[in-house]
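Engineer: If it helps, the file is called data-v3.txt and holds compact mmCIF, C-alpha atoms:
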```txt
# COMPACT_ATOMS: atom_id res chain seq x y z
CA MET L 27 0.00 0.00 0.00
CA THR L 28 1.39 3.43 -0.90
CA ILE L 29 0.54 6.97 0.05
CA ASN L 30 0.73 9.71 -2.55
CA HIS L 31 2.95 12.63 -1.66
CA SER L 32 2.72 16.32 -2.61
CA ASN L 33 3.83 19.57 -1.02
CA ASN L 34 0.44 20.32 0.52
CA THR L 35 0.77 21.01 4.27
CA LYS L 36 -2.94 21.35 5.03
CA GLU L 37 -5.17 18.42 5.77
CA SER L 38 -6.90 17.43 2.55
CA ALA L 39 -10.11 15.55 2.01
CA CYS L 40 -9.73 11.87 1.31
CA LYS L 41 -11.98 8.97 0.53
CA VAL L 42 -13.00 6.51 3.21
CA THR L 43 -10.48 3.70 2.75
CA ASP L 44 -8.43 1.45 5.00
CA GLU L 45 -5.77 4.17 5.20
CA ILE L 46 -5.63 6.79 7.92
CA CYS L 47 -6.42 10.14 6.33
CA LEU L 48 -3.22 12.19 6.28
CA PRO L 49 -2.10 15.20 4.23
CA ASP L 50 0.04 14.48 1.20
CA THR L 51 3.64 15.58 1.63
CA LYS L 52 7.07 15.28 0.04
CA LEU L 53 8.71 15.65 3.44
CA PRO L 54 9.97 12.61 5.36
CA ARG L 55 7.20 11.24 7.56
CA VAL L 56 8.03 10.47 11.21
CA VAL L 57 5.38 8.37 12.91
CA VAL L 58 5.47 8.54 16.71
CA ILE L 59 3.52 5.99 18.73
CA GLY L 60 2.82 7.15 22.26
CA SER L 61 2.74 10.61 23.78
CA GLY L 62 4.16 10.33 27.22
CA PHE L 63 7.15 12.39 28.32
CA ALA L 64 9.39 10.86 25.62
CA GLY L 65 6.96 11.23 22.73
CA LEU L 66 6.06 14.82 23.55
CA ALA L 67 9.72 15.82 24.01
CA LEU L 68 10.44 14.39 20.55
CA VAL L 69 7.48 16.19 18.96
CA GLU L 70 8.57 19.45 20.59
CA LYS L 71 12.02 19.07 19.02
CA LEU L 72 10.58 18.36 15.56
CA LYS L 73 7.92 21.08 15.53
CA ASN L 74 8.02 23.32 12.46
CA LYS L 75 10.99 21.40 11.00
CA GLU L 76 11.29 19.93 7.50
CA VAL L 77 9.50 16.70 8.43
CA GLN L 78 5.90 15.60 8.76
CA VAL L 79 5.21 14.23 12.25
CA VAL L 80 2.21 11.96 12.87
CA LEU L 81 1.46 11.26 16.51
CA PHE L 82 -0.66 8.20 17.37
CA ASP L 83 -2.15 7.56 20.80
CA LYS L 84 -5.18 5.69 22.13
CA ASN L 85 -5.94 8.69 24.39
CA ASN L 86 -6.36 12.30 23.27
CA PHE L 87 -4.47 13.67 26.28
CA HIS L 88 -1.11 13.62 28.00
CA GLN L 89 -1.05 12.28 31.57
CA PHE L 90 1.28 13.62 34.25
CA GLN L 91 2.01 10.30 35.94
CA PRO L 92 4.01 11.56 38.96
CA LEU L 93 0.80 12.98 40.46
CA PHE L 94 -1.51 10.00 39.87
CA TYR L 95 -1.39 9.22 43.58
CA GLN L 96 -2.82 12.67 44.42
CA VAL L 97 -5.81 12.03 42.18
CA ALA L 98 -6.22 8.62 43.82
CA THR L 99 -6.31 10.16 47.32
CA SER L 100 -8.73 12.99 46.43
CA ALA L 101 -6.14 15.78 46.53
CA LEU L 102 -6.49 16.66 42.84
CA GLU L 103 -9.08 16.32 40.10
CA PRO L 104 -7.99 14.39 36.99
CA ASP L 105 -8.32 17.38 34.67
CA SER L 106 -5.57 19.08 36.68
CA ILE L 107 -2.94 16.65 35.43
CA VAL L 108 -4.12 15.79 31.92
CA PHE L 109 -3.68 18.01 28.89
CA PRO L 110 -5.27 17.55 25.42
CA PHE L 111 -2.81 16.77 22.65
CA ARG L 112 -4.52 19.01 20.12
CA LYS L 113 -4.07 21.98 22.41
CA GLN L 114 -0.47 20.94 23.04
CA ILE L 115 0.39 20.86 19.33
CA SER L 116 -1.67 23.89 18.34
CA GLY L 117 0.58 26.00 16.17
CA TYR L 118 2.85 23.09 15.23
CA LYS L 119 2.36 23.34 11.45
CA ASN L 120 4.00 20.00 10.66
CA VAL L 121 2.53 17.88 13.46
CA LEU L 122 -0.67 15.83 13.18
CA PHE L 123 -2.47 13.87 15.89
CA ARG L 124 -4.58 10.79 15.24
CA LEU L 125 -6.66 9.11 17.94
CA ALA L 126 -5.99 5.44 17.21
CA GLU L 127 -4.34 2.43 18.81
CA VAL L 128 -1.47 0.95 16.81
CA GLU L 129 -1.89 -2.82 16.79
CA GLU L 130 0.85 -3.98 14.43
CA ILE L 131 4.05 -2.81 12.78
CA GLN L 132 5.00 -4.12 9.33
CA PRO L 133 8.69 -3.18 8.98
CA SER L 134 9.02 -4.68 5.49
CA SER L 135 6.49 -2.22 4.07
CA ASN L 136 7.11 0.66 6.51
CA THR L 137 3.49 0.52 7.62
CA VAL L 138 1.68 0.67 10.94
CA ILE L 139 -1.73 -0.97 11.34
CA THR L 140 -4.11 0.70 13.78
CA ASN L 141 -7.64 -0.08 14.91
CA LYS L 142 -8.75 2.74 12.57
CA GLY L 143 -6.65 1.94 9.49
CA SER L 144 -3.05 1.95 8.27
CA ALA L 145 -0.36 4.58 7.75
CA HIS L 146 3.01 4.67 6.01
CA PHE L 147 6.19 5.90 7.71
CA ASP L 148 9.70 6.80 6.70
CA TYR L 149 10.85 6.74 10.32
CA LEU L 150 9.04 5.09 13.20
CA VAL L 151 9.50 5.99 16.87
CA LEU L 152 8.12 3.75 19.62
CA ALA L 153 7.42 5.71 22.80
CA THR L 154 4.71 3.40 24.11
CA GLY L 155 5.87 3.22 27.73
CA THR L 156 5.01 0.51 30.20
CA THR L 157 2.08 -1.16 31.88
CA THR L 158 1.71 -2.77 35.30
CA ASN L 159 3.57 -6.07 35.69
CA PHE L 160 1.82 -8.58 37.95
CA PHE L 161 4.47 -11.22 37.18
CA GLY L 162 1.92 -13.79 36.02
CA MET L 163 -0.18 -13.75 39.20
CA ASP L 164 -3.67 -13.82 37.70
CA ASN L 165 -5.54 -13.60 41.01
CA VAL L 166 -3.59 -10.55 42.09
CA GLU L 167 -4.13 -8.89 38.71
CA SER L 168 -7.87 -9.61 38.80
CA HIS L 169 -8.49 -8.19 42.27
CA SER L 170 -5.97 -5.37 42.70
CA LEU L 171 -5.39 -2.02 41.01
CA GLY L 172 -2.26 -0.68 39.35
CA MET L 173 -1.49 3.01 38.96
CA LYS L 174 -0.32 3.49 35.36
CA ASP L 175 -3.29 5.42 33.97
CA ILE L 176 -5.50 8.28 35.12
CA ARG L 177 -8.42 5.84 35.09
CA ASP L 178 -6.53 3.65 37.57
CA SER L 179 -6.23 6.64 39.89
CA LEU L 180 -9.96 7.30 39.71
CA ASN L 181 -10.69 3.63 40.33
CA ILE L 182 -8.48 3.69 43.43
CA ARG L 183 -10.26 6.83 44.67
CA HIS L 184 -13.71 5.34 44.20
CA MET L 185 -12.68 1.99 45.65
CA MET L 186 -11.31 3.71 48.76
CA LEU L 187 -14.31 5.97 49.32
CA GLN L 188 -16.86 3.24 48.62
CA ASN L 189 -15.14 0.86 51.03
CA LEU L 190 -14.98 3.49 53.76
CA GLU L 191 -18.71 4.09 53.33
CA GLU L 192 -19.37 0.33 53.47
CA ALA L 193 -17.28 0.11 56.64
CA ALA L 194 -19.57 2.68 58.28
CA ILE L 195 -22.58 0.53 57.42
CA THR L 196 -21.46 -2.97 58.35
CA CYS L 197 -21.66 -4.35 61.88
CA ASP L 198 -19.24 -7.18 61.07
CA ASP L 199 -15.88 -6.37 62.68
CA ASN L 200 -13.86 -8.55 60.28
CA GLU L 201 -15.58 -7.08 57.25
CA ARG L 202 -14.95 -3.57 58.59
CA ASP L 203 -11.26 -4.38 59.06
CA ALA L 204 -10.98 -5.67 55.49
CA LEU L 205 -12.74 -2.60 54.09
CA THR L 206 -10.47 -0.16 55.94
CA ASN L 207 -7.14 -1.95 55.48
CA PHE L 208 -4.93 -0.83 52.59
CA VAL L 209 -2.02 -2.83 51.18
CA ILE L 210 0.44 -1.12 48.83
CA VAL L 211 2.88 -3.44 47.08
CA GLY L 212 6.20 -1.94 46.05
CA GLY L 213 8.52 0.41 47.93
CA GLY L 214 9.59 2.57 45.01
CA PRO L 215 8.62 6.25 44.61
CA ALA L 216 5.03 5.48 43.55
CA GLY L 217 4.43 3.13 46.50
CA VAL L 218 6.08 5.41 49.04
CA GLU L 219 4.19 8.50 47.85
CA MET L 220 0.89 6.61 47.81
CA ALA L 221 1.47 5.29 51.33
CA GLY L 222 2.29 8.76 52.65
CA ALA L 223 -0.79 10.32 51.05
CA LEU L 224 -3.09 7.58 52.37
CA ALA L 225 -1.61 7.93 55.84
CA GLU L 226 -2.32 11.66 55.86
CA PHE L 227 -5.87 10.98 54.66
CA CYS L 228 -6.25 8.59 57.57
CA LYS L 229 -4.79 11.04 60.09
CA TYR L 230 -6.49 14.28 59.03
CA ILE L 231 -9.60 13.45 56.98
CA LEU L 232 -10.95 10.22 58.42
CA PRO L 233 -11.71 11.54 61.93
CA LYS L 234 -13.77 14.42 60.50
CA ASP L 235 -15.63 12.48 57.81
CA TYR L 236 -16.17 9.21 59.68
CA PRO L 237 -16.71 9.87 63.39
CA GLU L 238 -18.49 6.50 63.52
CA TYR L 239 -15.17 4.74 64.08
CA PRO L 240 -11.66 5.76 65.18
CA SER L 241 -9.02 6.57 62.57
CA SER L 242 -6.88 3.80 64.08
CA ILE L 243 -9.15 1.31 62.31
CA MET L 244 -7.55 2.24 58.95
CA ASN L 245 -4.30 0.30 58.61
CA ILE L 246 -1.82 0.95 55.81
CA TYR L 247 0.70 -1.74 54.87
CA LEU L 248 3.61 -1.18 52.50
CA VAL L 249 5.05 -4.47 51.23
CA GLU L 250 8.58 -4.40 49.80
CA ALA L 251 10.45 -7.46 48.49
CA ASN L 252 13.89 -5.96 49.25
CA ASP L 253 15.40 -4.81 52.54
CA LYS L 254 15.16 -1.07 51.78
CA LEU L 255 12.77 1.49 50.33
CA LEU L 256 13.60 3.57 47.24
CA SER L 257 16.26 1.07 46.18
CA THR L 258 17.47 3.31 43.32
CA MET L 259 18.18 6.19 45.71
CA SER L 260 20.77 6.62 48.45
CA ASP L 261 20.79 4.88 51.83
CA ASN L 262 20.13 8.27 53.40
CA ALA L 263 16.95 8.68 51.33
CA SER L 264 15.82 5.16 52.20
CA THR L 265 16.41 5.62 55.93
CA LYS L 266 14.68 9.00 56.07
CA THR L 267 11.72 7.70 54.06
CA LEU L 268 11.25 4.80 56.45
CA LYS L 269 11.27 7.20 59.41
CA PHE L 270 8.71 9.48 57.75
CA LEU L 271 6.40 6.54 57.04
CA LYS L 272 6.70 5.15 60.54
CA ASP L 273 5.86 8.59 61.96
CA LEU L 274 2.66 8.35 59.89
CA ASP L 275 1.93 4.87 61.32
CA VAL L 276 2.49 3.05 58.02
CA LYS L 277 3.37 -0.61 58.61
CA VAL L 278 6.36 -1.39 56.37
CA LEU L 279 7.04 -5.08 55.66
CA PHE L 280 10.54 -5.71 54.26
CA ASN L 281 11.71 -8.87 52.48
CA GLU L 282 8.09 -9.78 51.79
CA SER L 283 6.29 -10.32 48.50
CA VAL L 284 2.66 -10.98 47.72
CA SER L 285 1.96 -14.47 46.38
CA ASP L 286 -1.84 -14.40 46.16
CA TYR L 287 -4.86 -12.19 46.63
CA ASP L 288 -8.52 -13.13 46.31
CA GLY L 289 -9.97 -9.66 46.81
CA SER L 290 -10.25 -10.00 50.58
CA ILE L 291 -7.14 -11.77 51.87
CA VAL L 292 -3.56 -10.91 50.91
CA THR L 293 -1.13 -13.83 51.19
CA THR L 294 2.64 -13.35 51.23
CA LYS L 295 5.35 -15.86 50.32
CA SER L 296 6.30 -16.23 53.97
CA GLY L 297 2.75 -17.29 54.79
CA LYS L 298 1.46 -14.07 56.34
CA THR L 299 -2.13 -13.04 55.65
CA ILE L 300 -3.70 -9.59 55.76
CA LEU L 301 -7.42 -8.87 55.59
CA ALA L 302 -7.79 -6.10 53.00
CA LYS L 303 -10.22 -5.17 50.27
CA ASN L 304 -7.87 -2.46 49.02
CA LEU L 305 -4.69 -3.59 47.26
CA ILE L 306 -2.67 -1.13 45.16
CA TRP L 307 0.10 -2.63 43.03
CA THR L 308 3.19 -0.51 42.28
CA ALA L 309 5.73 -3.34 42.38
CA GLY L 310 6.74 -3.58 38.75
CA VAL L 311 6.22 -2.57 35.14
CA LYS L 312 6.75 -4.15 31.75
CA GLY L 313 7.08 -2.65 28.32
CA GLN L 314 4.13 -2.54 25.94
CA PHE L 315 4.39 -2.17 22.18
CA PRO L 316 2.57 -3.37 19.05
CA LYS L 317 3.31 -6.75 17.55
CA GLY L 318 5.64 -6.95 14.60
CA ILE L 319 9.03 -6.47 16.28
CA ASP L 320 11.23 -9.58 16.22
CA GLU L 321 11.26 -11.14 19.70
CA LYS L 322 15.04 -11.59 19.62
CA HIS L 323 15.32 -7.81 20.08
CA VAL L 324 13.15 -7.85 23.24
CA VAL L 325 15.04 -7.95 26.53
CA ARG L 326 14.20 -8.19 30.22
CA GLY L 327 11.15 -6.22 31.28
CA ASN L 328 9.71 -6.57 27.76
CA ARG L 329 11.83 -3.64 26.61
CA LEU L 330 13.29 -3.10 23.14
CA LYS L 331 17.06 -3.33 22.88
CA THR L 332 18.56 -0.31 21.14
CA ASN L 333 22.02 0.79 20.10
CA SER L 334 23.65 3.97 21.38
CA TYR L 335 21.63 6.02 18.87
CA LEU L 336 18.31 4.63 20.21
CA LYS L 337 17.76 2.61 17.03
CA VAL L 338 16.02 -0.72 17.71
CA GLU L 339 18.47 -3.53 16.96
CA GLY L 340 17.82 -5.18 13.62
CA TYR L 341 16.05 -2.19 12.06
CA GLU L 342 17.34 0.83 10.15
CA ASN L 343 14.44 3.24 10.59
CA ILE L 344 12.72 2.13 13.81
CA PHE L 345 13.66 3.81 17.10
CA ALA L 346 12.59 3.42 20.73
CA ILE L 347 12.65 6.04 23.50
CA GLY L 348 11.50 6.32 27.08
CA ASP L 349 10.56 3.43 29.33
CA ILE L 350 10.27 1.01 26.41
CA ALA L 351 13.91 1.52 25.33
CA ALA L 352 16.78 -0.53 26.77
CA LEU L 353 20.17 0.86 25.81
CA ILE L 354 22.35 -1.97 27.06
CA SER L 355 26.04 -1.16 27.56
CA SER L 356 28.85 -1.78 30.04
CA ASP L 357 27.79 1.39 31.87
CA THR L 358 24.08 0.55 31.76
CA PRO L 359 23.77 -3.28 31.82
CA LYS L 360 20.06 -3.01 32.67
CA GLY L 361 19.36 0.01 30.49
CA HIS L 362 18.67 3.52 31.74
CA PRO L 363 16.29 4.18 34.65
CA GLN L 364 12.62 4.23 33.65
CA VAL L 365 11.90 7.75 34.84
CA ALA L 366 10.56 10.92 33.26
CA GLN L 367 13.99 12.59 33.05
CA THR L 368 15.37 9.74 30.94
CA ALA L 369 12.36 9.87 28.63
CA ILE L 370 12.60 13.64 28.14
CA GLN L 371 16.33 13.53 27.41
CA GLN L 372 15.92 10.67 24.92
CA GLY L 373 13.05 12.44 23.17
CA LYS L 374 15.06 15.63 22.73
CA TYR L 375 18.14 13.71 21.61
CA LEU L 376 16.27 11.67 19.01
CA GLY L 377 14.60 14.80 17.64
CA ASP L 378 18.01 16.27 16.84
CA SER L 379 19.32 12.91 15.60
CA LEU L 380 16.48 12.36 13.13
CA LEU L 381 17.13 15.78 11.58
CA ASP L 382 20.83 14.88 11.32
CA ILE L 383 19.98 11.50 9.72
CA ILE L 384 17.80 13.20 7.10
CA LYS L 385 20.66 15.63 6.32
CA ASP L 386 23.24 12.77 6.28
CA LYS L 387 25.14 14.28 9.18
CA PRO L 388 27.15 12.11 11.62
CA LEU L 389 25.45 11.18 14.88
CA LYS L 390 26.63 11.43 18.45
CA PRO L 391 25.65 8.60 20.83
CA PHE L 392 23.05 9.28 23.49
CA GLU L 393 24.44 10.28 26.89
CA TYR L 394 22.16 10.35 29.91
CA LYS L 395 22.74 13.10 32.46
CA ASP L 396 21.40 12.17 35.87
CA LYS L 397 19.87 15.32 37.35
CA GLY L 398 19.00 13.63 40.62
CA SER L 399 16.00 11.96 42.23
CA LEU L 400 13.16 13.23 44.40
CA ALA L 401 10.38 11.51 46.32
CA THR L 402 7.79 12.92 48.71
CA VAL L 403 6.30 11.24 51.78
CA GLY L 404 3.37 13.45 52.65
CA LYS L 405 3.24 17.19 53.25
CA ARG L 406 6.52 18.92 54.12
CA LYS L 407 8.39 15.60 53.98
CA ALA L 408 10.51 14.50 51.02
CA VAL L 409 13.93 13.11 50.16
CA ALA L 410 16.36 14.40 47.53
CA ASP L 411 19.47 12.94 45.92
CA LEU L 412 21.13 15.64 43.82
CA GLY L 413 24.62 14.46 43.00
CA LYS L 414 26.73 14.84 46.13
CA PHE L 415 23.90 16.64 47.91
CA LYS L 416 21.54 14.32 49.77
CA PHE L 417 18.98 15.86 52.09
CA ALA L 418 15.49 15.32 53.43
CA GLY L 419 12.64 17.20 55.05
CA TYR L 420 10.97 20.52 54.28
CA PHE L 421 13.44 21.89 51.72
CA ALA L 422 13.43 18.60 49.81
CA TRP L 423 9.62 18.77 49.76
CA LEU L 424 9.69 22.39 48.58
CA LEU L 425 12.07 21.46 45.75
CA TRP L 426 9.90 18.46 44.83
CA SER L 427 6.83 20.74 44.69
CA ILE L 428 8.50 23.36 42.47
CA VAL L 429 9.94 20.79 40.05
CA HIS L 430 6.65 18.96 39.64
CA LEU L 431 4.54 22.09 39.39
CA MET L 432 6.72 23.52 36.61
CA SER L 433 6.67 20.17 34.74
CA ILE L 434 2.88 20.07 34.37
CA SER L 435 1.58 20.95 30.92
CA GLY L 436 -0.52 24.10 30.60
CA PHE L 437 -0.75 27.29 32.65
CA ARG L 438 -4.31 26.49 33.76
CA ASN L 439 -3.26 23.08 35.08
CA ARG L 440 -0.32 24.56 36.97
CA LEU L 441 -2.65 27.15 38.47
CA MET L 442 -5.20 24.51 39.54
CA VAL L 443 -2.58 22.24 41.09
CA GLY L 444 -0.83 25.15 42.81
CA PHE L 445 -4.12 26.40 44.27
CA ASN L 446 -5.04 22.93 45.55
CA TRP L 447 -1.61 22.52 47.10
CA ALA L 448 -1.85 25.92 48.78
CA VAL L 449 -5.23 25.07 50.33
CA SER L 450 -3.96 21.66 51.41
CA TYR L 451 -0.80 23.18 52.88
CA PHE L 452 -2.75 25.19 55.42
CA THR L 453 -5.77 22.98 55.99
CA TYR L 454 -4.97 19.36 54.97
CA GLU L 455 -8.29 19.61 53.11
CA LYS L 456 -9.00 17.20 50.24
CA SER L 457 -12.18 18.59 48.71
CA ASN L 458 -12.46 16.07 45.87
CA ARG L 459 -13.59 13.07 47.91
CA VAL L 460 -16.81 12.45 46.01
CA ILE L 461 -18.07 9.22 44.48
CA ILE L 462 -19.24 10.14 40.99
CA ARG L 463 -19.43 6.63 39.58
CA ASN L 464 -19.55 3.12 40.98
CA PHE L 465 -16.38 1.05 41.05
CA LYS L 466 -17.16 -2.66 41.12
CA PRO L 467 -14.23 -4.74 42.37
CA LYS L 468 -14.10 -8.50 41.85
CA THR L 469 -14.23 -9.36 45.53
CA LYS L 470 -16.01 -11.91 47.62
CA SER L 471 -17.47 -11.81 51.11
CA LEU L 472 -15.40 -13.17 53.96
CA SER L 473 -16.47 -16.48 55.41
CA ASN L 474 -15.90 -17.52 59.01
CA GLU L 475 -13.69 -20.39 57.84
CA GLU L 476 -11.34 -18.03 55.96
CA ILE L 477 -11.13 -15.64 58.92
CA SER L 478 -10.29 -18.38 61.36
```
Please lay out the structure from this file as structure tokens.
Structural biologist:
Amino acid sequence: MTINHSNNTKESACKVTDEICLPDTKLPRVVVIGSGFAGLALVEKLKNKEVQVVLFDKNNFHQFQPLFYQVATSALEPDSIVFPFRKQISGYKNVLFRLAEVEEIQPSSNTVITNKGSAHFDYLVLATGTTTNFFGMDNVESHSLGMKDIRDSLNIRHMMLQNLEEAAITCDDNERDALTNFVIVGGGPAGVEMAGALAEFCKYILPKDYPEYPSSIMNIYLVEANDKLLSTMSDNASTKTLKFLKDLDVKVLFNESVSDYDGSIVTTKSGKTILAKNLIWTAGVKGQFPKGIDEKHVVRGNRLKTNSYLKVEGYENIFAIGDIAALISSDTPKGHPQVAQTAIQQGKYLGDSLLDIIKDKPLKPFEYKDKGSLATVGKRKAVADLGKFKFAGYFAWLLWSIVHLMSISGFRNRLMVGFNWAVSYFTYEKSNRVIIRNFKPKTKSLSNEEIS
């Protein structure tokens, strides 16, 4: 299948066929799949350049993942941390957005197949990110919630609020315990931040909203398979984080991993059981990308192995950036860290590299510059690793707040988040704790035999 090319830069009318309707062009066409931090950084670099950029995504908005946990705990509304792509690329004369899910790549014909039709590419960039990895535990996957999508955050919020309301209704002590117990699996930044936010909800919101029972009834467990939290950060950050969580009465279980969960009882590999109808999984991710890439180029974590120029091994015009990319070298035997800073740097680098490739200029290999790591554990408590400087407490939290606020897309969104944070700073108020739709978990009622 071919696509006719002309110098027309405006979207032209086309017949209804199995092709995605795109403007004809004589410029090289760069198809980008996925618009997370990496995809948007790439598009920003290529805007108004001598290429046609076609951005595919199954959503029509960018999601600011670092603040998912605040949506989940009623601190923010979802529209504060999502931003429509069409508004983002408004004014980018050479960039087109198509709402479609790419299902297959056909490298031999330089074609992508979507659920809406096909499209030709000269260069293809995979920036599809990751999804939650439950490591093959079907029961856990069926009954718990990950936190990789804004919809997951809303599901967690509604699950939490619905269960707290059910706990106020039931007279069964065991059922009440299960409804008010929260288990978070994974002691990385997402798990730590979620645990801290839930603990503050328990400490400051629960007594006011639910005087029917004491706030001590809400137990928060953080399960970590290793012997330290924030394993990618310094020992100082790990130690301080543990202290902050303990001060908030979070029960941290080290060297433990979940082996099963039926929606009511969490079972660990050591044989421990916890009654809980709220399980949030942040313990791992795996890459996601359309079929069509040879499996021999897929490495651990379902990531795509690339060379130092972010080109997927075995292909001349297919690239991978962000969490999906694994640049394996002696310096990075496991690839680069799957964080926003890596994705942004790779997106910017590849934007420049593609322009150099088109102009037959020599390329420089990608070099990652670690700008440090931050994680927050509730209000006024955070940890920071910035090169030789490692500190924790209020100033780390202030830095975390500024960095995240300035990273959000759109002035309106920054204003909304900043206003919510200001109100919360002085009052601990979380005004978004409303149930606007039913969340129906796949749980079962506790029997006396299971409890005993």
Engineer: Please determine, counting all atoms listed in the file, which residue among L:Arg183, L:Ser435, L:Met442, L:Val325 has the shortest atom-to-atom distance to L:Ile115.
Structural biologist: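 Ranking L:Arg183, L:Ser435, L:Met442, L:Val325 by distance to L:Ile115, first place goes to L:Ser435.
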Engineer: Which residue gives the smallest distance to L:Thr265 among L:Asp253, L:Ile131, L:Gly404, L:Thr453, with only C-alpha atoms counted?
Structural biologist: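 When distances to L:Thr265 are compared using only C-alpha atoms, the smallest one comes from L:Asp253.
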Engineer: Please identify every residue of stretch 169-211 of chain L that has at least one atom no farther than 10 Å from an atom of stretch 235-239 of chain L, counting only C-alpha atoms, and for each give the shortest atom pair and the distance in Å to one decimal, arranged by chain then increasing number, as CSV.
Structural biologist:
```
residue,atom,partner,partner_atom,distance
L:Leu190,CA,L:Tyr236,CA,8.3
L:Glu191,CA,L:Tyr236,CA,8.5
L:Ala193,CA,L:Tyr239,CA,9.0
L:Ala194,CA,L:Glu238,CA,6.6
L:Ile195,CA,L:Glu238,CA,9.5
L:Arg202,CA,L:Tyr239,CA,10.0
```
Engineer: Residues near L:Cys228, anyone? I mean within 10 Å using all atoms listed in the file, not counting same-chain ones fewer than 5 positions away, as a list in words.
Structural biologist: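 In the requested format, the answer is Thr206, Gly222, Ala223, Pro233, Lys234, Pro240, Ser241, Ser242, Ile243, Met244, Asn245, Ile246, Leu274 and Asp275 of chain L.
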Engineer: Using only C-alpha atoms, can you tell me which of L:Ile370, L:Ile344, L:Met259, L:Leu400 comes closest to L:Ser134?
Structural biologist: L:Ile344
Engineer: Please write as a PDB file with C-alpha atoms, in the frame of the given file the list of polymer residues whose atoms come within 9 Å of (6.7, 9.0, 6.4), counting only C-alpha atoms and keeping to the coordinates of the file.
Structural biologist:
```pdb
ATOM      1  CA  THR L  51       3.640  15.580   1.630  1.00  0.00           C
ATOM      2  CA  LYS L  52       7.070  15.280   0.040  1.00  0.00           C
ATOM      3  CA  LEU L  53       8.710  15.650   3.440  1.00  0.00           C
ATOM      4  CA  PRO L  54       9.970  12.610   5.360  1.00  0.00           C
ATOM      5  CA  ARG L  55       7.200  11.240   7.560  1.00  0.00           C
ATOM      6  CA  VAL L  56       8.030  10.470  11.210  1.00  0.00           C
ATOM      7  CA  VAL L  57       5.380   8.370  12.910  1.00  0.00           C
ATOM      8  CA  VAL L  77       9.500  16.700   8.430  1.00  0.00           C
ATOM      9  CA  GLN L  78       5.900  15.600   8.760  1.00  0.00           C
ATOM     10  CA  VAL L  79       5.210  14.230  12.250  1.00  0.00           C
ATOM     11  CA  VAL L  80       2.210  11.960  12.870  1.00  0.00           C
ATOM     12  CA  ASN L 136       7.110   0.660   6.510  1.00  0.00           C
ATOM     13  CA  ALA L 145      -0.360   4.580   7.750  1.00  0.00           C
ATOM     14  CA  HIS L 146       3.010   4.670   6.010  1.00  0.00           C
ATOM     15  CA  PHE L 147       6.190   5.900   7.710  1.00  0.00           C
ATOM     16  CA  ASP L 148       9.700   6.800   6.700  1.00  0.00           C
ATOM     17  CA  TYR L 149      10.850   6.740  10.320  1.00  0.00           C
ATOM     18  CA  LEU L 150       9.040   5.090  13.200  1.00  0.00           C
TER      19      LEU L 150
END
```
Engineer: Which one of L:Met173, L:Val108, L:Val218, L:Ile383 sits closest to L:Ser257 if you count only C-alpha atoms?
Structural biologist: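 So, comparing all the options, the nearest one is L:Val218.
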Engineer: Any idea what the distance is between atom CA of L:Phe63 and atom CA of L:Ala369?
Structural biologist: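 Going from atom CA of L:Phe63 over to atom CA of L:Ala369, I get 5.8 Å.
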Engineer: Just the number, please: distance in Å from atom CA of L:Ala408 to atom CA of L:Gly313, one decimal.
Structural biologist: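 Taking atom CA of L:Ala408 as the start and atom CA of L:Gly313 as the end point, the length is 28.7 Å.
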Engineer: From the list L:Glu45, L:Asp411, L:Glu321, L:Glu70, which residue is nearest L:Ser260 when using all atoms listed in the file?
Structural biologist: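 Smallest distance to L:Ser260 is found for L:Asp411.
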